[in-house]
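Undergrad: Before anything else, here's the structure in question.
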Amino acid sequence: MPELPEVETVVRGLRRCLIGETISSVTIYWARSIARLDPEQFIAQLTGRTVRKVDRRGKWIVVRLDDGQGLLVHLRMTGQLLLEPAPCPDDDYTRVVFNLKSGRRLRFSDMRKFGRLILTDNPGDVLDELGPEPLGEAFTLERFEHMMAERRGRVKSLLLDQRFLAGLGNIYVNEALWKARIHPLRPANSLSSGEVAALYRAVRSTLHAAIGEGGTTLENGNFRQADGAAGEFASQLLAYGHEGEPCPCCGARIERITVGQRGTYVCPACQPSPAAES
DNA sequence: AAAGCACCCTGTACGC
DNA sequence: TGCGTACAGGGTGCTT
């Protein structure tokens with residue numbers, strides 16, 4: 001499931017190979033992948049455009065075009081943006097294909113059809129709703145302390161809320177909370193300043209490490225880099241997906257609980273439950 | 001503000 | 001074999 005490190009990895013791949021490319025034609029196989037615009041408008045407005053920049057904001061891929069428009073791509077669960085040579089077979093899940101003047105093509109594949117493409121003059125309409133970038137300079141420990149202090153919801157749900165903090169998903173929230181030894185059900189404003197600092201460091205170090213490995217490709221193979229390669233961070237996941245296995249820190253068995261309808265992995269010893277404490 | 005749920009989808013894993 | 005069902009997940013939108 002693409003989260004910040006996976007999206008960053010895709011963006012870096014596209015930045016290397018897509019900038020300067022001109023779109024010669026667009027084919028849409030699943031119209032609902034396109035949000036806001038009719039497929040005909042989407043095609044008409046993209047044909048002939050040249051890619052100027054590729055950026056990331058949260059889990060959004062932001063492709064800046066020569067006419068000032070932005071193509072926003074959200075991969076959701078199973079989306080992939082693949083840059084390929086033109087004579088290349090589609091998979092069963094190809095939803096949109098951008099043919100490029102160089103002869104290559106950019107293909108949007110998405111098994112579960114949750115991904116979305118938005119072409120807009122005002123990317124801010126979408127991106128300004130997001131919380132701070134966890135790896136950005138503006139996201140200081142001091143700011144995080146203030147953010148946490150005024151919220152009393154469950155810390156895990158809060159970290160997953162893209163308006164609170166942009167880019168985290170279920171995998172990295174699980175890892176960061178385990179690393180910081182904080183139970184996911186703890187109210188955000190119940191964390192000590194030491195715990196907030198540990199969580200801040202855990203979030204950032206986990207994201208940096210995952211980006212360094214090119215993201216996480218689980219056994220289902222859902223995530224692919226822009227060149228089709230897998231990410232290598234899965235072997236470094238210490239809690240996520242490890243139900244019943246010994247905690248790498250203390251040896252207790254990792255448990256799987258549900259928080260906000262999401263699978264959640266905790267070490268009962270390292271991450272004491274708030275209910276058990278009170 | 002917080003929490004729950006239905007929805008959007010489909011592959012996988014299960015029970016019978 | 002094969003059918004039916006539950007589940008997984010990010011985000012949106014609605015209700016409580």
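Simple scheme: letters A, B, ... for chains in structure tokens order, numbers from 1 for residues in each chain, numbers from 1 for ligands in the order shown.
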Kindly assemble as CSV a list of the chain C residues that lie within 12 Å of segment 166-182 of chain A, each paired with its nearest atom pair and their distance in Å to one decimal, using only C-alpha atoms (C1' of nucleotides), sorted first by chain and then by ascending residue number.
TA:
residue,atom,partner,partner_atom,distance
C:DA8,C1',A:Asn170,CA,11.6
C:DG9,C1',A:Asn170,CA,8.5
C:DG10,C1',A:Gly169,CA,7.8
C:DG11,C1',A:Gly169,CA,11.1
Undergrad: So which residues touch segment 206-212 of chain A within 9 Å, counting only C-alpha atoms (C1' of nucleotides), skipping near sequence neighbours fewer than 2 positions away, as a list in words?
TA: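 In the requested format, the answer is Leu4, Pro5, Glu6, Glu8, Thr9, Pro134, Leu135, Leu168, Tyr172, Glu175, Ala176, Lys179, Arg201, Ala202, Val203, Arg204, Gly214, Gly215, Thr216, Gly231, Glu232, Phe233, Ala234 and Gln236 of chain A.
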Undergrad: Pull out every residue of chain A that has at least one atom within 9 Å of chain B, counting only C-alpha atoms (C1' of nucleotides), and report them as a ChimeraX atom specification.
TA: /A:111-114,151-154,260-261
Undergrad: Let's see if you can do this: from backbone DSSP, list all strand (DSSP E or B) residues in segment 154-251 of chain A, as an MDAnalysis selection string.
TA: chainID A and resid 154 187 216 232 246
Undergrad: Pull out every residue of chain A that has at least one atom within 8 Å of chain C, counting only C-alpha atoms (C1' of nucleotides), and report them as a PDB file with N, CA and C atoms, in the first residue's frame.
TA:
ATOM      1  N   MET A   1       0.852  -1.201   0.000  1.00  0.00           N
ATOM      2  CA  MET A   1       0.000   0.000   0.000  1.00  0.00           C
ATOM      3  C   MET A   1       0.875   1.235   0.000  1.00  0.00           C
ATOM      4  N   ARG A  76      -3.707   5.226  -3.840  1.00  0.00           N
ATOM      5  CA  ARG A  76      -4.536   4.492  -2.871  1.00  0.00           C
ATOM      6  C   ARG A  76      -3.920   3.128  -2.552  1.00  0.00           C
ATOM      7  N   MET A  77      -4.693   2.045  -2.782  1.00  0.00           N
ATOM      8  CA  MET A  77      -4.229   0.738  -2.322  1.00  0.00           C
ATOM      9  C   MET A  77      -3.295   0.035  -3.308  1.00  0.00           C
ATOM     10  N   GLY A 169       0.593   5.940   6.521  1.00  0.00           N
ATOM     11  CA  GLY A 169      -0.462   4.954   6.359  1.00  0.00           C
ATOM     12  C   GLY A 169      -0.311   3.889   7.426  1.00  0.00           C
ATOM     13  N   ARG A 262      -8.978  -0.877  11.489  1.00  0.00           N
ATOM     14  CA  ARG A 262      -7.715  -1.154  10.805  1.00  0.00           C
ATOM     15  C   ARG A 262      -6.898  -2.158  11.599  1.00  0.00           C
TER      16      ARG A 262
END
Undergrad: Please identify all polymer residues within 8 Å of segment 87-98 of chain A, counting only C-alpha atoms (C1' of nucleotides), omitting same-chain residues fewer than 6 positions from it, and present them as a ChimeraX atom specification.
TA: /A:23-31,33,105-111
Undergrad: Please report the interatomic distance between atom CA of Arg49 of chain A and atom CA of His74 of chain A in Å with one decimal.
TA: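 Atom CA of Arg49 of chain A sits 20.2 Å away from atom CA of His74 of chain A.
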Undergrad: Leaving out Glu145 of chain A and any residue of its chain fewer than 3 positions from it, which residues lie within 10 Å of it when counting only C-alpha atoms (C1' of nucleotides), given as a VMD selection string?
TA: chain A and resid 140 to 142 148 to 150 188 to 189 191 to 193 196 to 197 200
Undergrad: Which value, in Å to one decimal, gives the distance between atom CA of Asp38 of chain A and atom CA of Gln69 of chain A?
TA: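 Here the two named atoms are 16.1 Å from each other.
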Undergrad: If DSSP is run on the backbone, what residues of segment 24-271 of chain A are alpha helix (DSSP H)? A reply as a ChimeraX atom specification would be ideal.
TA: /A:39-46,124-127,141-149,155-160,170-180,193-212
